[in-house]
Amino acid sequence: MADIDKDNVVDQEEVLHPKMVTVEIAGKKHQVPEGITMLKALWYTGQEVIRGVGCLGGFCGACATYYRTKDDPKVKTCLACQTSVHDGMSFSMMPPFPARKATYDLAVLTDPKQDLFNLYPEAPLCRNCNACTEACPQKIDVREGVWRAVFGDFKAVSEMFMDCVMCGMCAPVCIADIAPSLVAVYASRAQGVHFTEKPSRLAHRIKEIEDGRFADEWNRVLAMNEQELTKACAELK
Amino acid sequence: MDIHKLQEIVHKTRDARRKQTMPKLSTAERDELIKKYHPDFRENAYRPIKFGPNEGEKTVRELAALLEGDSPVPADLDLTPTHTCDVLVVGGGGAGCAAALHAHAQGASVLFATKLRLGDSNTVMAQGGIQISVAAEDSPVTHFLDTLKGGHMKNDHALLKVMVEEGPSVAQWLLDLGVLFDRDADGNLHVKKGGGSSKPRLLTCSDYTGLEIMRVLKDEVLNRKIRMLEFSAAVELLSDGQGRCTGAVLQDLDNKRFIVVAAKTVILATGGIGRLHIQGFPTSNHYGATGDGLTMAYRMGAKLMHIDTFQYHPSGAVYPEQLAGALVTEGIRSEGGHLVNAKGERFVNELDTRDVVSSSIIRECKEGRGIRTMAGRVGVWLDTPLLDAEQGPGTIEKHFPAMVMQYDRFGVDISKDPVLIYPTLHYQNGGVQIDTQGESGVKGLFVAGEASGGLHGRNRLMGNSLLDLMVYGKRSGLTAAARSKAEPQGKLTLDHLKRFREVARKHGASASVVSPMLFPAYAKKD
């Protein structure tokens with residue numbers, strides 16, 4: 001038995017050939033182990049991170065980061081908790097960007113597709129530069145999404161932006177001052193509130209509960225002693 | 001060995017495994033397996049708490065130390081309030097947002113404080129879905145029994161009944177806010193089957209259920225212009241000297257200054273403890289999951305319950321090292337993914353409860369049927385390519401976009417390659433004892449979500465956490481708002497802290513442990 005365990009060892013480059021690499025963090029050079037995530041590199045260099053760390057799972061968008069690889073002029077974007085460091089890399093976390101969020105009460109809007117132009121009048125001013133799409137670490141076609149929103153295809157927006165972690169990296173690059181992730185949240189929510197079928201079975205279940213349709217079953221179950229309850233649970237298939 | 005070589009056995013045995021059905025264990029077999037392998041039963045990881053409301057009861061050493069720890073607040077702090085409100089909500093995740101929105105809707109003046117940003121939480125990472133009994137063949141009573149069975153019959157019946165009964169109306173609330181749950185062709189809510197549940201009951205937004213809910217709730221909190229203090233961590237509660245909670249001391253993390261908040265009611269929605277890395281486990285939790293609410297409520301005199309039991313999610317990533325501890329959604333197993341040991345065998349019914357599946361994985365690894373990594377981790381295979389084999393190419397990509405992207409960033413294609421997994425510290429089953437309104441044993445102090453205890457018994461079922469957050473967020477928000485209309489602001493004292501310090505001194509507690517911890521100490525010091 002133990003032999004199986006011994007033979008089943010996964011090769012790991014960082015263990016086979018451990019290597020320290022030089023990276024530039026916020027303009028300062030540091031030596032860190034190759035392949036660790038950017039956030040771990042920050043910790044490795046002794047830095048406490050509070051602004052710029054959240055879920056550590058790639059879902060919250062707190063660690064939006066700009067980076068460049070060795071000798072490449074192109075500045076790219078990523079989530080620091082989900083990106084490995086390599087020799088010659090430079091990176092800086094994105095500071096919070098003061099994009100304007102419109103406020104609204106979705107329930108009272110009567111024409112949400114038209115209201116988009118009051119809430120976000122800059123949305124139709126997109127000049128098609130595509131910088132937002134290139135800036136998205138979630139690979140969303142952001143530019144297309146903005147146009148879909150403007151043309152009222154909120155359903156497409158909601159599907160395209162399901163991956164959006166609201167990191168906001170699409171906003172600082174926009175020459176028309178659009179904050180696409182905020183436009184998308186508005187369009188997605190409007191899609192849900194105004195343009196999506198009401199699920200009849202849910203309404204039925206809520207009514208059943210209100211009408212006490214499960215009262216007898218509840219009385220039966222809540223009157224059971226521990227033994228009877230255990231038996232009832234064991235019978236669930 | 002190259003990982004692709006090691007994976008061959010999974011590909012080779014796939015067809016044979018597809019014909020196999022894994023029996024579910026009997027209650028006696030489950031109990032035996034858990035007792036033998038579940039981390040909750042490692043005696044030396046536990047010790048009795050020396051003093052306070054749970055004196056003499058056992059919990060993990062990491063938590064016991066924090067519960068007995070000292071407050072960072074000096075006894076002579078000037079308690080002139082910086083902010084005054086009806087309801088102070090602490091914690092910016094799902095439960096906090098729900099509480100803040102419902103309290104605000106009742107006309108209460110709400111102050112919403114969180115130590116990171118609004119929305120930074122575990123909620124945002126919830127992939128599996130939210131359990132709500134909407135299917136025709138299902139009922140709240142069946143949901144109740146499933147949850148009870150999963151919780152080893154230790155769940156608080158009253159708390160549980162409220163949760164399952166209010167589920168459908170909570171689904172309606174979320175729909176009314178614009179949450180886009182997956183639908184069937186006829187427009188009804190699509191339901192999936194979750195581990196430990198007898199009926200399909202999981203509502204999902206692909207594998208982004210938590211993210212979708214948080215995006216919507218955050219947006220709504222901002223629309224309602226609820227007063228918000230970000231990067232402001234609660235570090236101590238305030239009392240009127242007669243056992244009622246009357247506010248809290250926050251700490252502004254940018255300048256370390258204390259902020260005194262006078263509040264008629266306080267709702268702690270501070271989440272769990274994953275970042276304490278209990279028993280050395282990696283965790284799926286967010287950066288701030290350090291049990292802050294437990295320590296503050298404990299010093300105030302609130303009783304905790306079930307704090308000797310934690311959930312180790314069966315599928316935490318083991319390889320690549322950058323993802324260690326990160327969650328691999330249970331959805332993969334819900335849709336038929338097999339767990340496979342180094343010999344190419346299945347060893348458990350993959351849809352059994354989390355404690356059973358985790359225990360069986362630990363057993364396989366202990367008995368030498370695991371796969372090791374050079375970084376010192378061990379795990380078993382989760383056969384992800386099986387889903388495409390069973391349901392057609394593209395299934396994985398369509399149903400699990402978040403997981404595909406997570407692995408793709410490190411060059412792993414999960415539709416072609418199985419992944420290595422091992423249990424990861426995921427959830428605090430217990431917490432502060434509450435009643436059905438979310439109120440703790442301390443008057444005026446409410447607790448919602450993972451920080452509370454009793455509802456889930458000794459093992460939480462998949463999909464019940466998101467529901468817990470929404471139901472008890474709502475209940476605590478509504479009750480706190482109503483209470484704050486009926487009662488005046490009490491005086492602000494640290495009397496409870498003075499008493500706690502006296503008791504601690506008597507027990508020789510070490511003043512070197514300061515709690516709440518707020519963040520894990522990851523920054524390298526030398």
# chains A, B, ... in the order shown; residues from 1 in each chain; ligands from 1
$ select_by_dssp --residues "range 9-216 of chain A" --states "alpha helix (DSSP H)" --output "count of residues only"
68
$ interface_residues --of "chain B" --to "chain A" --cutoff "7 Å" --atoms "only C-alpha atoms" --output "PyMOL selection string"
chain B and resi 1-3+6+120-122+124-125+134+141+145-146+149+168-169+175-180+187-189+198+211+223+285-287+322+326+368-375+522-525
$ select_by_dssp --residues "chain A" --states "strand (DSSP E or B)" --output "PyMOL selection string"
chain A and resi 9-10+20-25+28-33+37+64-68+76-79+84+90-93
$ residues_around --residues "Gly463 in chain B" --least-positions-apart "3" --cutoff "8 Å" --atoms "only C-alpha atoms" --output "PyMOL selection string"
chain B and resi 128-131+194+202+466-467
$ residues_around --residues "Asp40 in chain B" --least-positions-apart "4" --cutoff "9 Å" --atoms "only C-alpha atoms" --output "MDAnalysis selection string"
chainID B and resid 34:35 45:46 60 308:311
$ write_last_selection --atoms "N, CA and C atoms" --output "mmCIF file, in the first residue's frame"
data_model
loop_
_atom_site.group_PDB
_atom_site.id
_atom_site.type_symbol
_atom_site.label_atom_id
_atom_site.label_comp_id
_atom_site.auth_asym_id
_atom_site.auth_seq_id
_atom_site.Cartn_x
_atom_site.Cartn_y
_atom_site.Cartn_z
ATOM 1 N N ILE B 34 -16.433 8.887 10.283
ATOM 2 C CA ILE B 34 -16.179 10.254 10.741
ATOM 3 C C ILE B 34 -15.346 10.244 12.025
ATOM 4 N N LYS B 35 -15.734 9.388 12.961
ATOM 5 C CA LYS B 35 -14.996 9.318 14.234
ATOM 6 C C LYS B 35 -13.541 8.980 13.999
ATOM 7 N N ALA B 45 -6.054 18.350 19.057
ATOM 8 C CA ALA B 45 -6.246 19.663 18.443
ATOM 9 C C ALA B 45 -7.150 20.541 19.310
ATOM 10 N N TYR B 46 -7.706 19.934 20.351
ATOM 11 C CA TYR B 46 -8.713 20.611 21.170
ATOM 12 C C TYR B 46 -8.228 20.868 22.593
ATOM 13 N N VAL B 60 -11.138 24.133 19.335
ATOM 14 C CA VAL B 60 -9.776 24.025 18.810
ATOM 15 C C VAL B 60 -8.882 25.054 19.496
ATOM 16 N N ASP B 308 -17.011 23.329 18.561
ATOM 17 C CA ASP B 308 -16.022 22.255 18.470
ATOM 18 C C ASP B 308 -16.118 21.551 17.115
ATOM 19 N N THR B 309 -16.932 22.089 16.199
ATOM 20 C CA THR B 309 -17.087 21.401 14.920
ATOM 21 C C THR B 309 -16.953 22.357 13.741
ATOM 22 N N PHE B 310 -16.142 21.934 12.778
ATOM 23 C CA PHE B 310 -15.844 22.764 11.613
ATOM 24 C C PHE B 310 -16.042 21.944 10.349
ATOM 25 N N GLN B 311 -16.297 22.639 9.276
ATOM 26 C CA GLN B 311 -16.484 21.908 8.033
ATOM 27 C C GLN B 311 -15.227 21.996 7.174
#
$ residues_around --residues "Thr270 in chain B" --least-positions-apart "5" --cutoff "10 Å" --atoms "only C-alpha atoms" --output "PyMOL selection string"
chain B and resi 89-93+95-96+114-115+121+233-234+288-294+447-452
$ residues_around --residues "Met163 in chain B" --least-positions-apart "3" --cutoff "8 Å" --atoms "only C-alpha atoms" --output "list in words"
Leu159, Leu160, Glu166, Gly167, Leu467, Asp468, Val471 and Tyr472 of chain B
$ closest_residue --among "A:Arg213, A:His17, A:Lys113, A:Lys76" --to "Val173 in chain A" --atoms "only C-alpha atoms"
A:Lys76
$ decode --residues "range 206-304 of chain B" --atoms "C-alpha atoms" --output "short mmCIF file (atom, residue, chain, number, x, y, z; two decimals), in the first residue's frame"
data_model
loop_
_atom_site.label_atom_id
_atom_site.label_comp_id
_atom_site.auth_asym_id
_atom_site.auth_seq_id
_atom_site.Cartn_x
_atom_site.Cartn_y
_atom_site.Cartn_z
CA SER B 206 -23.91 28.97 -13.18
CA ASP B 207 -21.00 28.59 -10.74
CA TYR B 208 -21.18 32.29 -9.82
CA THR B 209 -24.18 32.20 -7.47
CA GLY B 210 -22.47 34.06 -4.63
CA LEU B 211 -20.85 36.58 -6.94
CA GLU B 212 -24.16 37.35 -8.67
CA ILE B 213 -25.97 37.78 -5.34
CA MET B 214 -23.19 40.00 -3.94
CA ARG B 215 -23.03 42.18 -7.08
CA VAL B 216 -26.73 42.86 -6.74
CA LEU B 217 -26.75 43.39 -2.96
CA LYS B 218 -23.71 45.70 -3.07
CA ASP B 219 -25.30 47.75 -5.82
CA GLU B 220 -28.51 48.03 -3.83
CA VAL B 221 -26.69 49.07 -0.62
CA LEU B 222 -25.04 51.87 -2.63
CA ASN B 223 -28.35 52.85 -4.28
CA ARG B 224 -29.96 53.17 -0.86
CA LYS B 225 -27.10 55.45 0.22
CA ILE B 226 -26.61 53.52 3.44
CA ARG B 227 -23.87 55.11 5.57
CA MET B 228 -20.77 53.01 5.04
CA LEU B 229 -17.40 52.76 6.77
CA GLU B 230 -14.96 50.59 4.85
CA PHE B 231 -11.55 49.53 6.15
CA SER B 232 -13.02 50.01 9.62
CA ALA B 233 -12.81 46.91 11.79
CA ALA B 234 -14.96 46.39 14.87
CA VAL B 235 -12.61 45.55 17.77
CA GLU B 236 -14.84 45.78 20.85
CA LEU B 237 -18.52 46.08 21.74
CA LEU B 238 -19.99 48.62 24.13
CA SER B 239 -22.50 47.89 26.90
CA ASP B 240 -24.82 49.91 29.10
CA GLY B 241 -23.29 48.33 32.21
CA GLN B 242 -26.38 46.18 32.69
CA GLY B 243 -25.78 43.60 30.01
CA ARG B 244 -27.28 45.33 27.00
CA CYS B 245 -25.23 46.03 23.87
CA THR B 246 -25.22 49.75 23.02
CA GLY B 247 -22.59 50.17 20.34
CA ALA B 248 -19.08 49.26 19.32
CA VAL B 249 -15.54 50.52 19.02
CA LEU B 250 -14.17 50.35 15.49
CA GLN B 251 -10.64 50.87 14.34
CA ASP B 252 -9.89 52.82 11.19
CA LEU B 253 -7.30 50.61 9.50
CA ASP B 254 -5.77 53.51 7.57
CA ASN B 255 -4.72 55.50 10.64
CA LYS B 256 -5.35 52.99 13.48
CA ARG B 257 -7.62 55.47 15.28
CA PHE B 258 -10.52 54.17 17.34
CA ILE B 259 -14.03 55.18 16.27
CA VAL B 260 -16.78 55.04 18.88
CA VAL B 261 -20.24 54.16 17.57
CA ALA B 262 -23.38 54.59 19.68
CA ALA B 263 -25.96 52.15 18.35
CA LYS B 264 -29.30 51.08 19.75
CA THR B 265 -28.68 47.65 18.27
CA VAL B 266 -25.65 45.90 16.80
CA ILE B 267 -25.70 43.13 14.20
CA LEU B 268 -22.52 41.07 13.90
CA ALA B 269 -22.22 39.53 10.45
CA THR B 270 -18.51 38.88 10.68
CA GLY B 271 -18.33 35.37 9.20
CA GLY B 272 -16.09 32.48 10.11
CA ILE B 273 -12.60 31.38 11.03
CA GLY B 274 -10.87 29.80 8.01
CA ARG B 275 -7.86 32.10 8.24
CA LEU B 276 -7.00 30.72 11.67
CA HIS B 277 -5.79 27.67 9.68
CA ILE B 278 -7.08 25.31 12.33
CA GLN B 279 -4.93 22.16 12.63
CA GLY B 280 -2.69 23.57 9.91
CA PHE B 281 -5.33 23.19 7.19
CA PRO B 282 -5.33 25.42 4.13
CA THR B 283 -8.59 27.29 3.71
CA SER B 284 -11.06 28.34 1.05
CA ASN B 285 -11.94 31.42 3.10
CA HIS B 286 -11.39 35.10 2.37
CA TYR B 287 -8.58 37.12 3.94
CA GLY B 288 -10.64 38.48 6.82
CA ALA B 289 -12.16 35.20 8.10
CA THR B 290 -10.61 35.38 11.57
CA GLY B 291 -13.60 34.89 13.87
CA ASP B 292 -13.78 38.53 15.02
CA GLY B 293 -17.46 38.39 15.95
CA LEU B 294 -16.99 35.34 18.14
CA THR B 295 -14.35 36.99 20.30
CA MET B 296 -16.24 40.26 20.68
CA ALA B 297 -19.56 38.57 21.51
CA TYR B 298 -17.79 36.23 23.95
CA ARG B 299 -16.23 39.07 25.92
CA MET B 300 -19.67 40.63 26.09
CA GLY B 301 -21.08 37.47 27.67
CA ALA B 302 -22.80 35.80 24.71
CA LYS B 303 -22.80 32.02 24.73
CA LEU B 304 -21.33 30.18 21.77
#
